[in-house]
file my_file-v6.csv (CSV, C-alpha atoms and all ligand atoms)
chain,number,residue,atom,x,y,z
U,16,PRO,CA,32.9,-2.7,14.6
U,17,GLU,CA,29.3,-3.9,14.2
U,18,ASN,CA,28.6,-2.7,17.8
U,19,ILE,CA,30.1,0.7,17.1
U,20,VAL,CA,28.1,1.2,13.9
U,21,SER,CA,24.9,0.1,15.6
U,22,PHE,CA,25.6,2.4,18.5
U,23,ILE,CA,26.1,5.4,16.1
U,24,GLU,CA,23.0,4.4,14.0
U,25,ASN,CA,20.8,4.2,17.2
U,26,ASP,CA,22.0,7.5,18.3
U,27,ILE,CA,21.5,9.3,14.9
U,28,VAL,CA,18.0,7.8,14.5
U,29,LYS,CA,16.8,9.6,17.7
U,30,GLY,CA,17.1,13.0,16.0
U,31,LEU,CA,15.1,12.0,12.9
U,32,PRO,CA,11.5,13.4,12.4
U,33,LEU,CA,9.7,10.1,12.3
U,34,PHE,CA,11.7,8.6,15.2
U,35,ASN,CA,9.4,6.6,17.6
U,36,LYS,CA,6.6,6.4,14.9
U,37,LYS,CA,5.5,3.0,13.7
U,38,VAL,CA,4.3,2.8,10.0
U,39,LEU,CA,2.4,0.0,8.4
U,40,ILE,CA,2.7,-0.2,4.6
U,41,THR,CA,1.0,-2.5,2.1
U,42,ALA,CA,2.6,-3.0,-1.4
U,43,GLY,CA,2.4,-5.1,-4.5
U,44,PRO,CA,-0.4,-7.2,-6.0
U,45,THR,CA,-2.2,-10.1,-4.5
U,46,TYR,CA,-2.5,-13.5,-6.2
U,47,GLU,CA,-5.8,-15.3,-5.9
U,48,ALA,CA,-5.5,-19.0,-6.6
U,49,ILE,CA,-7.6,-20.8,-9.2
U,50,ASP,CA,-5.9,-24.1,-8.9
U,51,PRO,CA,-2.4,-25.2,-7.7
U,52,VAL,CA,-0.7,-23.7,-10.8
U,53,ARG,CA,-2.9,-20.7,-11.8
U,54,PHE,CA,-4.0,-17.5,-10.2
U,55,ILE,CA,-5.7,-14.1,-10.8
U,56,GLY,CA,-3.3,-11.2,-10.3
U,57,ASN,CA,-2.4,-7.8,-11.6
U,58,HIS,CA,0.6,-5.9,-12.9
U,59,SER,CA,1.5,-4.0,-9.7
U,60,SER,CA,5.3,-4.1,-9.2
U,61,GLY,CA,5.2,-3.0,-5.5
U,62,LYS,CA,7.8,-0.2,-6.3
U,63,MET,CA,5.7,2.7,-4.9
U,64,GLY,CA,5.1,0.9,-1.5
U,65,PHE,CA,8.7,-0.1,-1.2
U,66,GLU,CA,9.9,3.4,-1.9
U,67,ILE,CA,7.6,4.8,0.7
U,68,ALA,CA,8.9,2.2,3.2
U,69,LYS,CA,12.5,3.2,2.5
U,70,LYS,CA,11.7,6.9,2.8
U,71,ALA,CA,9.9,6.5,6.1
U,72,ALA,CA,12.7,4.3,7.5
U,73,SER,CA,15.3,6.8,6.4
U,74,LEU,CA,13.4,9.4,8.6
U,75,GLY,CA,13.6,7.1,11.6
U,76,ALA,CA,10.2,5.3,11.5
U,77,GLN,CA,9.9,1.6,12.4
U,78,VAL,CA,8.3,0.2,9.2
U,79,TYR,CA,6.2,-3.0,8.8
U,80,LEU,CA,6.0,-3.7,5.1
U,81,VAL,CA,3.3,-6.2,4.2
U,82,THR,CA,3.8,-7.1,0.5
U,83,GLY,CA,2.2,-9.3,-2.1
U,84,PRO,CA,4.5,-11.2,-4.6
U,85,SER,CA,7.1,-8.7,-5.8
U,86,TYR,CA,10.7,-8.7,-7.1
U,87,GLN,CA,11.5,-5.5,-5.1
U,88,THR,CA,14.2,-5.9,-2.5
U,89,VAL,CA,14.8,-3.9,0.7
U,90,SER,CA,17.5,-4.1,3.4
U,91,HIS,CA,17.2,-1.7,6.3
U,92,SER,CA,17.3,-2.4,10.0
U,93,LEU,CA,14.1,-0.4,10.5
U,94,ILE,CA,12.1,-2.2,7.9
U,95,LYS,CA,10.4,-5.6,8.7
U,96,ARG,CA,9.2,-7.2,5.5
U,97,ILE,CA,6.2,-9.6,5.7
U,98,ASP,CA,5.5,-11.5,2.6
U,99,VAL,CA,2.0,-12.6,1.7
U,100,VAL,CA,0.3,-14.0,-1.4
U,101,SER,CA,-3.5,-13.5,-1.2
U,102,ALA,CA,-5.8,-10.7,-0.1
U,103,GLU,CA,-6.9,-12.9,2.8
U,104,GLU,CA,-3.3,-13.3,4.0
U,105,MET,CA,-2.7,-9.6,3.6
U,106,TYR,CA,-5.9,-8.8,5.6
U,107,LYS,CA,-4.7,-11.0,8.5
U,108,GLU,CA,-1.1,-9.6,8.6
U,109,VAL,CA,-2.4,-6.0,8.4
U,110,HIS,CA,-4.8,-6.5,11.3
U,111,ASN,CA,-2.0,-8.1,13.3
U,112,TYR,CA,0.0,-4.9,13.2
U,113,PHE,CA,-2.7,-2.1,12.9
U,114,SER,CA,-3.4,-1.6,16.6
U,115,SER,CA,0.2,-0.9,17.4
U,116,VAL,CA,1.0,1.6,14.6
U,117,ASP,CA,0.7,5.3,14.3
U,118,ILE,CA,0.3,5.4,10.5
U,119,ALA,CA,-1.0,3.0,7.8
U,120,ILE,CA,-0.3,3.6,4.1
U,121,LEU,CA,-2.2,1.1,1.9
U,122,SER,CA,-0.6,1.2,-1.5
U,123,ALA,CA,-1.2,-2.5,-2.5
U,124,ALA,CA,-3.2,-3.4,-5.5
U,125,VAL,CA,-5.4,-5.9,-3.7
U,126,ALA,CA,-7.6,-8.1,-5.8
U,127,ASP,CA,-11.2,-7.1,-5.5
U,128,TYR,CA,-12.5,-10.6,-6.3
U,129,LYS,CA,-11.2,-14.2,-5.9
U,130,PRO,CA,-12.4,-17.6,-7.2
U,131,LYS,CA,-15.2,-18.9,-5.0
U,132,ASN,CA,-13.6,-22.4,-5.0
U,133,VAL,CA,-10.0,-23.3,-5.4
U,134,ALA,CA,-9.5,-26.6,-7.3
U,135,THR,CA,-7.3,-29.1,-5.5
U,136,ASN,CA,-5.9,-30.5,-8.7
U,137,LYS,CA,-4.8,-28.7,-11.9
U,138,ILE,CA,-7.9,-28.0,-14.0
U,139,LYS,CA,-7.7,-29.9,-17.3
U,140,LYS,CA,-9.0,-28.4,-20.5
U,141,SER,CA,-12.2,-29.9,-21.7
U,142,SER,CA,-15.0,-27.8,-23.3
U,143,ASN,CA,-14.4,-24.8,-25.5
U,144,SER,CA,-15.2,-22.3,-22.8
U,145,MET,CA,-15.2,-22.3,-19.0
U,146,SER,CA,-16.2,-19.9,-16.3
U,147,ILE,CA,-15.0,-19.3,-12.8
U,148,GLU,CA,-17.3,-17.9,-10.2
U,149,LEU,CA,-15.7,-15.0,-8.3
U,150,VAL,CA,-16.6,-13.7,-4.8
U,151,LYS,CA,-15.5,-10.3,-3.3
U,152,THR,CA,-12.4,-10.2,-1.2
U,153,GLN,CA,-12.5,-8.2,2.1
U,154,ASP,CA,-11.6,-4.5,1.6
U,155,ILE,CA,-8.6,-4.1,3.9
U,156,LEU,CA,-8.6,-0.4,3.9
U,157,ALA,CA,-12.3,0.0,4.6
U,158,SER,CA,-12.0,-2.4,7.5
U,159,LEU,CA,-9.2,-0.3,9.0
U,160,GLY,CA,-11.2,2.9,8.4
U,161,SER,CA,-14.1,1.5,10.5
U,162,ILE,CA,-11.9,0.5,13.5
U,163,LYS,CA,-9.2,3.3,13.4
U,164,GLU,CA,-8.6,5.3,16.6
U,165,GLN,CA,-5.5,7.5,16.7
U,166,GLN,CA,-4.0,6.0,13.6
U,167,PHE,CA,-3.5,8.1,10.5
U,168,LEU,CA,-4.8,6.3,7.4
U,169,VAL,CA,-3.6,6.8,3.8
U,170,GLY,CA,-5.3,5.2,0.9
U,171,PHE,CA,-4.5,5.0,-2.9
U,172,ALA,CA,-6.8,5.2,-5.8
U,173,LEU,CA,-6.1,4.2,-9.4
U,174,GLU,CA,-8.7,5.7,-11.7
U,175,THR,CA,-9.4,6.0,-15.4
U,176,ASN,CA,-12.2,8.5,-15.4
U,177,ASN,CA,-14.0,10.9,-13.0
U,178,GLU,CA,-10.7,10.7,-11.1
U,179,LEU,CA,-11.2,13.5,-8.5
U,180,GLU,CA,-14.8,12.7,-7.8
U,181,ASN,CA,-14.1,9.0,-7.4
U,182,ALA,CA,-11.1,9.6,-5.1
U,183,GLN,CA,-13.1,12.1,-3.0
U,184,GLY,CA,-15.9,9.4,-2.6
U,185,LYS,CA,-13.4,6.8,-1.5
U,186,LEU,CA,-11.8,9.1,1.0
U,187,GLN,CA,-15.1,9.8,2.7
U,188,ARG,CA,-16.6,6.3,2.4
U,189,LYS,CA,-13.5,4.5,3.8
U,190,ASN,CA,-12.6,7.1,6.4
U,191,PHE,CA,-9.0,8.0,5.3
U,192,ASP,CA,-7.0,11.0,6.3
U,193,PHE,CA,-5.7,11.4,2.8
U,194,ILE,CA,-5.7,9.7,-0.5
U,195,VAL,CA,-3.1,9.5,-3.2
U,196,LEU,CA,-4.7,9.5,-6.7
U,197,ASN,CA,-3.1,8.1,-9.8
U,198,SER,CA,-4.8,8.5,-13.2
U,199,LEU,CA,-4.2,5.8,-15.8
U,200,ARG,CA,-4.8,8.6,-18.3
U,201,ASP,CA,-1.5,10.2,-17.3
U,202,LYS,CA,1.4,8.8,-19.3
U,203,GLY,CA,4.1,7.2,-17.0
U,204,ALA,CA,1.7,6.9,-14.0
U,205,GLY,CA,0.5,3.9,-12.2
U,206,PHE,CA,1.6,0.2,-12.7
U,207,ASN,CA,4.9,-1.0,-14.0
U,208,HIS,CA,6.6,2.4,-14.4
U,209,ASP,CA,9.5,3.9,-12.5
U,210,THR,CA,7.6,7.2,-12.5
U,211,ASN,CA,4.3,8.3,-11.2
U,212,LYS,CA,2.1,11.4,-11.3
U,213,VAL,CA,-0.1,11.8,-8.3
U,214,THR,CA,-2.7,14.2,-6.7
U,215,ILE,CA,-3.1,14.2,-3.0
U,216,LEU,CA,-6.6,14.9,-1.6
U,217,ASN,CA,-7.1,15.4,2.2
U,218,LYS,CA,-10.1,15.2,4.5
U,219,ALA,CA,-10.4,19.0,4.6
U,220,GLY,CA,-11.1,18.9,0.8
U,221,LYS,CA,-7.7,20.3,-0.2
U,222,THR,CA,-6.0,18.9,-3.3
U,223,LYS,CA,-2.3,19.1,-4.3
U,224,GLN,CA,-1.2,18.1,-7.8
U,225,PHE,CA,2.3,16.9,-8.4
U,226,GLU,CA,4.3,16.7,-11.6
U,227,LEU,CA,5.4,13.4,-13.2
U,228,LYS,CA,8.5,12.3,-11.3
U,229,SER,CA,10.4,9.2,-10.2
U,230,LYS,CA,8.6,6.9,-7.7
U,231,VAL,CA,11.5,7.7,-5.3
U,232,ALA,CA,10.6,11.4,-5.5
U,233,VAL,CA,6.8,10.7,-5.2
U,234,ALA,CA,7.5,8.7,-2.0
U,235,THR,CA,9.3,11.8,-0.6
U,236,ASP,CA,6.3,14.0,-1.5
U,237,ILE,CA,3.9,11.6,0.2
U,238,VAL,CA,6.0,11.3,3.4
U,239,GLU,CA,6.5,15.1,3.5
U,240,GLU,CA,2.7,15.6,3.3
U,241,LEU,CA,2.3,13.0,6.1
U,242,LYS,CA,4.8,14.9,8.3
U,243,THR,CA,3.0,18.2,7.7
U,244,LEU,CA,-0.4,16.7,8.6
U,245,LEU,CA,1.0,14.9,11.6
U,246,ASN,CA,2.5,18.1,12.9
U,247,LYS,CA,-0.9,19.9,12.6
U,248,LYS,CA,-2.6,17.1,14.6
I,1,LIG,N1,-7.9,-1.8,-1.0
I,1,LIG,C1,-7.8,-2.7,0.0
I,1,LIG,N2,-8.4,-3.9,0.0
I,1,LIG,C2,-9.1,-4.3,-1.1
I,1,LIG,C3,-9.2,-3.4,-2.2
I,1,LIG,C4,-8.6,-2.2,-2.1
I,1,LIG,O1,-7.1,-2.3,1.0
I,1,LIG,N3,-9.7,-5.5,-1.1
I,1,LIG,C5,-7.2,-0.5,-0.9
I,1,LIG,C6,-6.0,-0.3,-1.9
I,1,LIG,O2,-4.8,-0.7,-1.3
I,1,LIG,C7,-6.1,1.2,-2.2
I,1,LIG,C8,-7.6,1.5,-2.0
I,1,LIG,O3,-8.2,0.4,-1.3
I,1,LIG,O4,-5.4,1.9,-1.2
I,1,LIG,C9,-8.4,1.8,-3.2
I,1,LIG,O5,-8.5,0.7,-4.0
I,1,LIG,P1,-9.4,0.6,-5.3
I,1,LIG,O6,-9.4,-0.8,-5.8
I,1,LIG,O7,-9.1,1.8,-6.2
I,1,LIG,O8,-10.8,1.0,-4.6
I,1,LIG,P2,-12.2,0.4,-4.5
I,1,LIG,O9,-12.9,1.0,-3.4
I,1,LIG,O10,-12.1,-1.1,-4.5
I,1,LIG,O11,-12.9,0.9,-5.8
I,1,LIG,P3,-13.1,0.4,-7.3
I,1,LIG,O12,-14.5,0.2,-7.4
I,1,LIG,O13,-12.6,1.6,-8.1
I,1,LIG,O14,-12.2,-0.8,-7.5
call {"tool": "encode", "arguments": {"input": "my_file-v6.csv", "output": "structure tokens", "more": "lines below"}}
Ligand code: CTP
result
Amino acid sequence: PENIVSFIENDIVKGLPLFNKKVLITAGPTYEAIDPVRFIGNHSSGKMGFEIAKKAASLGAQVYLVTGPSYQTVSHSLIKRIDVVSAEEMYKEVHNYFSSVDIAILSAAVADYKPKNVATNKIKKSSNSMSIELVKTQDILASLGSIKEQQFLVGFALETNNELENAQGKLQRKNFDFIVLNSLRDKGAGFNHDTNKVTILNKAGKTKQFELKSKVAVATDIVEELKTLLNKK
């Protein structure tokens, strides 16, 4: 029976719009170690990236999902999940796959800074205050923008003010094909919600605003936009 099901699945997949496309997706937060028991992280759940992965796979794409620590689960024969913890690990895995993919969608909330030194032993409390020196992590998306050839590159931006202007700046500076903007001023958008409200800006300067909807529906909008732009290429 497994062979029959797999034969039917393989046959159906050939007729799907993203069949033969390889898609790399990043999701979730990254954790930057301070010592063996503590880290710097953020509230990203990974849900947006996982939903995009599921949508792309349901349309026939082979998906490589590089995710930071997340409780999200996924089970699909076309999705390969690669678990990482830190920005440095995510950078390495993304670069492992990038040259072989057609599309890269970077929805992860990557830490911008990490502790300069990671203590080998648990840090004991002593004085009333302490400081940790932080250094910049590598910008994964910008690094892909500078080496990209035929790949289609999609970035995300989470902003609290001057949203459109900041997103437009990132799009140009990092060489994306389009950027998905979330504003933290919109209720129900961004981290730790099952809903999101996004605006998509493309290289040609066009913007498309979407209503507040479930992240499953937002994933469909993003993948639809991608399909339209790929068809125009
Ligand atoms: N990103 C990344 N690697 C990083 C930081 C960010 O790949 N080290 C990606 C995110 O996945 C997202 C996009 O870059 O798709 C925008 O992230 P954001 O932190 O909003 O952008 P920055 O350019 O770091 O700008 P800001 O100064 O607003 O933090």
call {"tool": "residues_near_ligand", "arguments": {"input": "my_file-v6.csv", "ligand": "ligand LIG 1 (chain I)", "cutoff": "10 Å", "atoms": "all atoms listed in the file", "output": "JSON, numbers by chain"}}
result
{"U": [40, 41, 42, 43, 44, 45, 102, 103, 105, 106, 109, 120, 121, 122, 123, 124, 125, 126, 127, 128, 151, 152, 153, 154, 155, 156, 157, 158, 159, 160, 168, 169, 170, 171, 172, 173, 174, 175, 178, 181, 182, 184, 185, 186, 188, 189, 191, 194, 195, 196, 197]}
call {"tool": "write_last_selection", "arguments": {"input": "my_file-v6.csv", "atoms": "C-alpha atoms", "output": "tab-separated table (two decimals), in the coordinates of the input"}}
result
chain	number	residue	atom	x	y	z
U	40	ILE	CA	2.70	-0.20	4.60
U	41	THR	CA	1.00	-2.50	2.10
U	42	ALA	CA	2.60	-3.00	-1.40
U	43	GLY	CA	2.40	-5.10	-4.50
U	44	PRO	CA	-0.40	-7.20	-6.00
U	45	THR	CA	-2.20	-10.10	-4.50
U	102	ALA	CA	-5.80	-10.70	-0.10
U	103	GLU	CA	-6.90	-12.90	2.80
U	105	MET	CA	-2.70	-9.60	3.60
U	106	TYR	CA	-5.90	-8.80	5.60
U	109	VAL	CA	-2.40	-6.00	8.40
U	120	ILE	CA	-0.30	3.60	4.10
U	121	LEU	CA	-2.20	1.10	1.90
U	122	SER	CA	-0.60	1.20	-1.50
U	123	ALA	CA	-1.20	-2.50	-2.50
U	124	ALA	CA	-3.20	-3.40	-5.50
U	125	VAL	CA	-5.40	-5.90	-3.70
U	126	ALA	CA	-7.60	-8.10	-5.80
U	127	ASP	CA	-11.20	-7.10	-5.50
U	128	TYR	CA	-12.50	-10.60	-6.30
U	151	LYS	CA	-15.50	-10.30	-3.30
U	152	THR	CA	-12.40	-10.20	-1.20
U	153	GLN	CA	-12.50	-8.20	2.10
U	154	ASP	CA	-11.60	-4.50	1.60
U	155	ILE	CA	-8.60	-4.10	3.90
U	156	LEU	CA	-8.60	-0.40	3.90
U	157	ALA	CA	-12.30	0.00	4.60
U	158	SER	CA	-12.00	-2.40	7.50
U	159	LEU	CA	-9.20	-0.30	9.00
U	160	GLY	CA	-11.20	2.90	8.40
U	168	LEU	CA	-4.80	6.30	7.40
U	169	VAL	CA	-3.60	6.80	3.80
U	170	GLY	CA	-5.30	5.20	0.90
U	171	PHE	CA	-4.50	5.00	-2.90
U	172	ALA	CA	-6.80	5.20	-5.80
U	173	LEU	CA	-6.10	4.20	-9.40
U	174	GLU	CA	-8.70	5.70	-11.70
U	175	THR	CA	-9.40	6.00	-15.40
U	178	GLU	CA	-10.70	10.70	-11.10
U	181	ASN	CA	-14.10	9.00	-7.40
U	182	ALA	CA	-11.10	9.60	-5.10
U	184	GLY	CA	-15.90	9.40	-2.60
U	185	LYS	CA	-13.40	6.80	-1.50
U	186	LEU	CA	-11.80	9.10	1.00
U	188	ARG	CA	-16.60	6.30	2.40
U	189	LYS	CA	-13.50	4.50	3.80
U	191	PHE	CA	-9.00	8.00	5.30
U	194	ILE	CA	-5.70	9.70	-0.50
U	195	VAL	CA	-3.10	9.50	-3.20
U	196	LEU	CA	-4.70	9.50	-6.70
U	197	ASN	CA	-3.10	8.10	-9.80
call {"tool": "closest_residue", "arguments": {"input": "my_file-v6.csv", "among": "U:Gly220, U:Gly64, U:Pro84, U:Pro16", "to": "Val238 of chain U", "atoms": "only C-alpha atoms"}}
result
U:Gly64
call {"tool": "residues_near_point", "arguments": {"input": "my_file-v6.csv", "point": "(-6.0, 6.2, 17.9)", "cutoff": "12 Å", "atoms": "all atoms listed in the file", "output": "MDAnalysis selection string"}}
result
chainID U and resid 113:119 159:168 248
call {"tool": "atom_distance", "arguments": {"input": "my_file-v6.csv", "atom1": "atom CA of Leu74 of chain U", "atom2": "atom CA of Phe34 of chain U"}}
result
6.9 Å
call {"tool": "residues_around", "arguments": {"input": "my_file-v6.csv", "residues": "Val233 of chain U", "least_positions_apart": "5", "cutoff": "12 Å", "atoms": "all atoms listed in the file", "output": "ChimeraX atom specification"}}
result
/U:62-67,70,195-197,204-205,209-215,224-228,238-240
call {"tool": "write_last_selection", "arguments": {"input": "my_file-v6.csv", "atoms": "C-alpha atoms", "output": "CSV table (one decimal), in the frame of the given file"}}
result
chain,number,residue,atom,x,y,z
U,62,LYS,CA,7.8,-0.2,-6.3
U,63,MET,CA,5.7,2.7,-4.9
U,64,GLY,CA,5.1,0.9,-1.5
U,65,PHE,CA,8.7,-0.1,-1.2
U,66,GLU,CA,9.9,3.4,-1.9
U,67,ILE,CA,7.6,4.8,0.7
U,70,LYS,CA,11.7,6.9,2.8
U,195,VAL,CA,-3.1,9.5,-3.2
U,196,LEU,CA,-4.7,9.5,-6.7
U,197,ASN,CA,-3.1,8.1,-9.8
U,204,ALA,CA,1.7,6.9,-14.0
U,205,GLY,CA,0.5,3.9,-12.2
U,209,ASP,CA,9.5,3.9,-12.5
U,210,THR,CA,7.6,7.2,-12.5
U,211,ASN,CA,4.3,8.3,-11.2
U,212,LYS,CA,2.1,11.4,-11.3
U,213,VAL,CA,-0.1,11.8,-8.3
U,214,THR,CA,-2.7,14.2,-6.7
U,215,ILE,CA,-3.1,14.2,-3.0
U,224,GLN,CA,-1.2,18.1,-7.8
U,225,PHE,CA,2.3,16.9,-8.4
U,226,GLU,CA,4.3,16.7,-11.6
U,227,LEU,CA,5.4,13.4,-13.2
U,228,LYS,CA,8.5,12.3,-11.3
U,238,VAL,CA,6.0,11.3,3.4
U,239,GLU,CA,6.5,15.1,3.5
U,240,GLU,CA,2.7,15.6,3.3
call {"tool": "residues_near_point", "arguments": {"input": "my_file-v6.csv", "point": "(-1.9, -26.4, -10.2)", "cutoff": "12 Å", "atoms": "all atoms listed in the file", "output": "PyMOL selection string"}}
result
chain U and resi 48-54+133-139
call {"tool": "atom_distance", "arguments": {"input": "my_file-v6.csv", "atom1": "atom CA of Tyr46 of chain U", "atom2": "atom CA of Val100 of chain U"}}
result
5.6 Å
call {"tool": "atom_distance", "arguments": {"input": "my_file-v6.csv", "atom1": "atom CA of Lys36 of chain U", "atom2": "atom CA of Ala76 of chain U"}}
result
5.1 Å
call {"tool": "closest_residue", "arguments": {"input": "my_file-v6.csv", "among": "U:Val38, U:Ile147, U:Tyr86, U:Ser198", "to": "Lys129 of chain U", "atoms": "all atoms listed in the file"}}
result
U:Ile147
call {"tool": "residues_around", "arguments": {"input": "my_file-v6.csv", "residues": "Lys95 of chain U", "least_positions_apart": "3", "cutoff": "10 Å", "atoms": "only C-alpha atoms", "output": "PyMOL selection string"}}
result
chain U and resi 39+68+77-81+89-92+98
call {"tool": "residues_around", "arguments": {"input": "my_file-v6.csv", "residues": "Leu216 of chain U", "least_positions_apart": "5", "cutoff": "6 Å", "atoms": "only C-alpha atoms", "output": "list in words"}}
result
Phe193, Ile194, Lys221 and Thr222 of chain U
call {"tool": "closest_residue", "arguments": {"input": "my_file-v6.csv", "among": "U:Lys69, U:Ile27, U:Glu148, U:His58", "to": "Ala232 of chain U", "atoms": "only C-alpha atoms"}}
result
U:Lys69
call {"tool": "build_atoms", "arguments": {"input": "my_file-v6.csv", "residues": "segment 235-243 of chain U", "atoms": "all heavy atoms", "output": "mmCIF file, keeping the file's coordinate frame"}}
result
data_model
loop_
_atom_site.group_PDB
_atom_site.id
_atom_site.type_symbol
_atom_site.label_atom_id
_atom_site.label_comp_id
_atom_site.auth_asym_id
_atom_site.auth_seq_id
_atom_site.Cartn_x
_atom_site.Cartn_y
_atom_site.Cartn_z
ATOM 1 N N THR U 235 8.895 10.662 -1.466
ATOM 2 C CA THR U 235 9.300 11.800 -0.600
ATOM 3 C C THR U 235 8.132 12.763 -0.465
ATOM 4 O O THR U 235 7.842 13.214 0.646
ATOM 5 C CB THR U 235 10.516 12.518 -1.250
ATOM 6 O OG1 THR U 235 11.551 11.560 -1.403
ATOM 7 C CG2 THR U 235 11.000 13.670 -0.390
ATOM 8 N N ASP U 236 7.426 13.081 -1.562
ATOM 9 C CA ASP U 236 6.300 14.000 -1.500
ATOM 10 C C ASP U 236 5.206 13.458 -0.524
ATOM 11 O O ASP U 236 4.641 14.193 0.286
ATOM 12 C CB ASP U 236 5.628 14.185 -2.863
ATOM 13 C CG ASP U 236 6.513 14.983 -3.811
ATOM 14 O OD1 ASP U 236 7.378 15.732 -3.321
ATOM 15 O OD2 ASP U 236 6.339 14.855 -5.033
ATOM 16 N N ILE U 237 4.934 12.160 -0.627
ATOM 17 C CA ILE U 237 3.900 11.600 0.200
ATOM 18 C C ILE U 237 4.279 11.619 1.686
ATOM 19 O O ILE U 237 3.491 12.007 2.550
ATOM 20 C CB ILE U 237 3.585 10.108 -0.232
ATOM 21 C CG1 ILE U 237 2.969 10.117 -1.643
ATOM 22 C CG2 ILE U 237 2.661 9.384 0.756
ATOM 23 C CD1 ILE U 237 2.862 8.749 -2.282
ATOM 24 N N VAL U 238 5.538 11.276 1.973
ATOM 25 C CA VAL U 238 6.000 11.300 3.400
ATOM 26 C C VAL U 238 6.059 12.709 3.911
ATOM 27 O O VAL U 238 5.733 12.955 5.072
ATOM 28 C CB VAL U 238 7.328 10.502 3.517
ATOM 29 C CG1 VAL U 238 7.861 10.599 4.933
ATOM 30 C CG2 VAL U 238 7.141 9.039 3.133
ATOM 31 N N GLU U 239 6.432 13.667 3.063
ATOM 32 C CA GLU U 239 6.500 15.100 3.500
ATOM 33 C C GLU U 239 5.051 15.547 3.860
ATOM 34 O O GLU U 239 4.840 16.219 4.865
ATOM 35 C CB GLU U 239 7.022 15.984 2.381
ATOM 36 C CG GLU U 239 8.536 15.937 2.263
ATOM 37 C CD GLU U 239 9.262 16.261 3.570
ATOM 38 O OE1 GLU U 239 8.864 17.222 4.258
ATOM 39 O OE2 GLU U 239 10.218 15.543 3.921
ATOM 40 N N GLU U 240 4.067 15.185 3.021
ATOM 41 C CA GLU U 240 2.700 15.600 3.300
ATOM 42 C C GLU U 240 2.205 14.968 4.610
ATOM 43 O O GLU U 240 1.546 15.631 5.408
ATOM 44 C CB GLU U 240 1.817 15.018 2.111
ATOM 45 C CG GLU U 240 0.355 15.397 2.146
ATOM 46 C CD GLU U 240 0.101 16.877 1.904
ATOM 47 O OE1 GLU U 240 1.025 17.583 1.456
ATOM 48 O OE2 GLU U 240 -1.029 17.320 2.200
ATOM 49 N N LEU U 241 2.614 13.733 4.817
ATOM 50 C CA LEU U 241 2.300 13.000 6.100
ATOM 51 C C LEU U 241 2.856 13.771 7.265
ATOM 52 O O LEU U 241 2.166 13.988 8.268
ATOM 53 C CB LEU U 241 2.911 11.650 5.951
ATOM 54 C CG LEU U 241 2.415 10.527 6.815
ATOM 55 C CD1 LEU U 241 0.952 10.282 6.547
ATOM 56 C CD2 LEU U 241 3.206 9.266 6.495
ATOM 57 N N LYS U 242 4.130 14.173 7.148
ATOM 58 C CA LYS U 242 4.800 14.900 8.300
ATOM 59 C C LYS U 242 4.060 16.183 8.562
ATOM 60 O O LYS U 242 3.818 16.511 9.723
ATOM 61 C CB LYS U 242 6.243 15.210 7.848
ATOM 62 C CG LYS U 242 7.247 14.176 8.326
ATOM 63 C CD LYS U 242 8.619 14.366 7.717
ATOM 64 C CE LYS U 242 9.202 15.764 7.878
ATOM 65 N NZ LYS U 242 10.350 15.998 6.982
ATOM 66 N N THR U 243 3.693 16.927 7.504
ATOM 67 C CA THR U 243 3.000 18.200 7.700
ATOM 68 C C THR U 243 1.672 17.976 8.436
ATOM 69 O O THR U 243 1.358 18.664 9.407
ATOM 70 C CB THR U 243 2.688 18.865 6.341
ATOM 71 O OG1 THR U 243 3.845 18.764 5.537
ATOM 72 C CG2 THR U 243 2.231 20.281 6.462
#
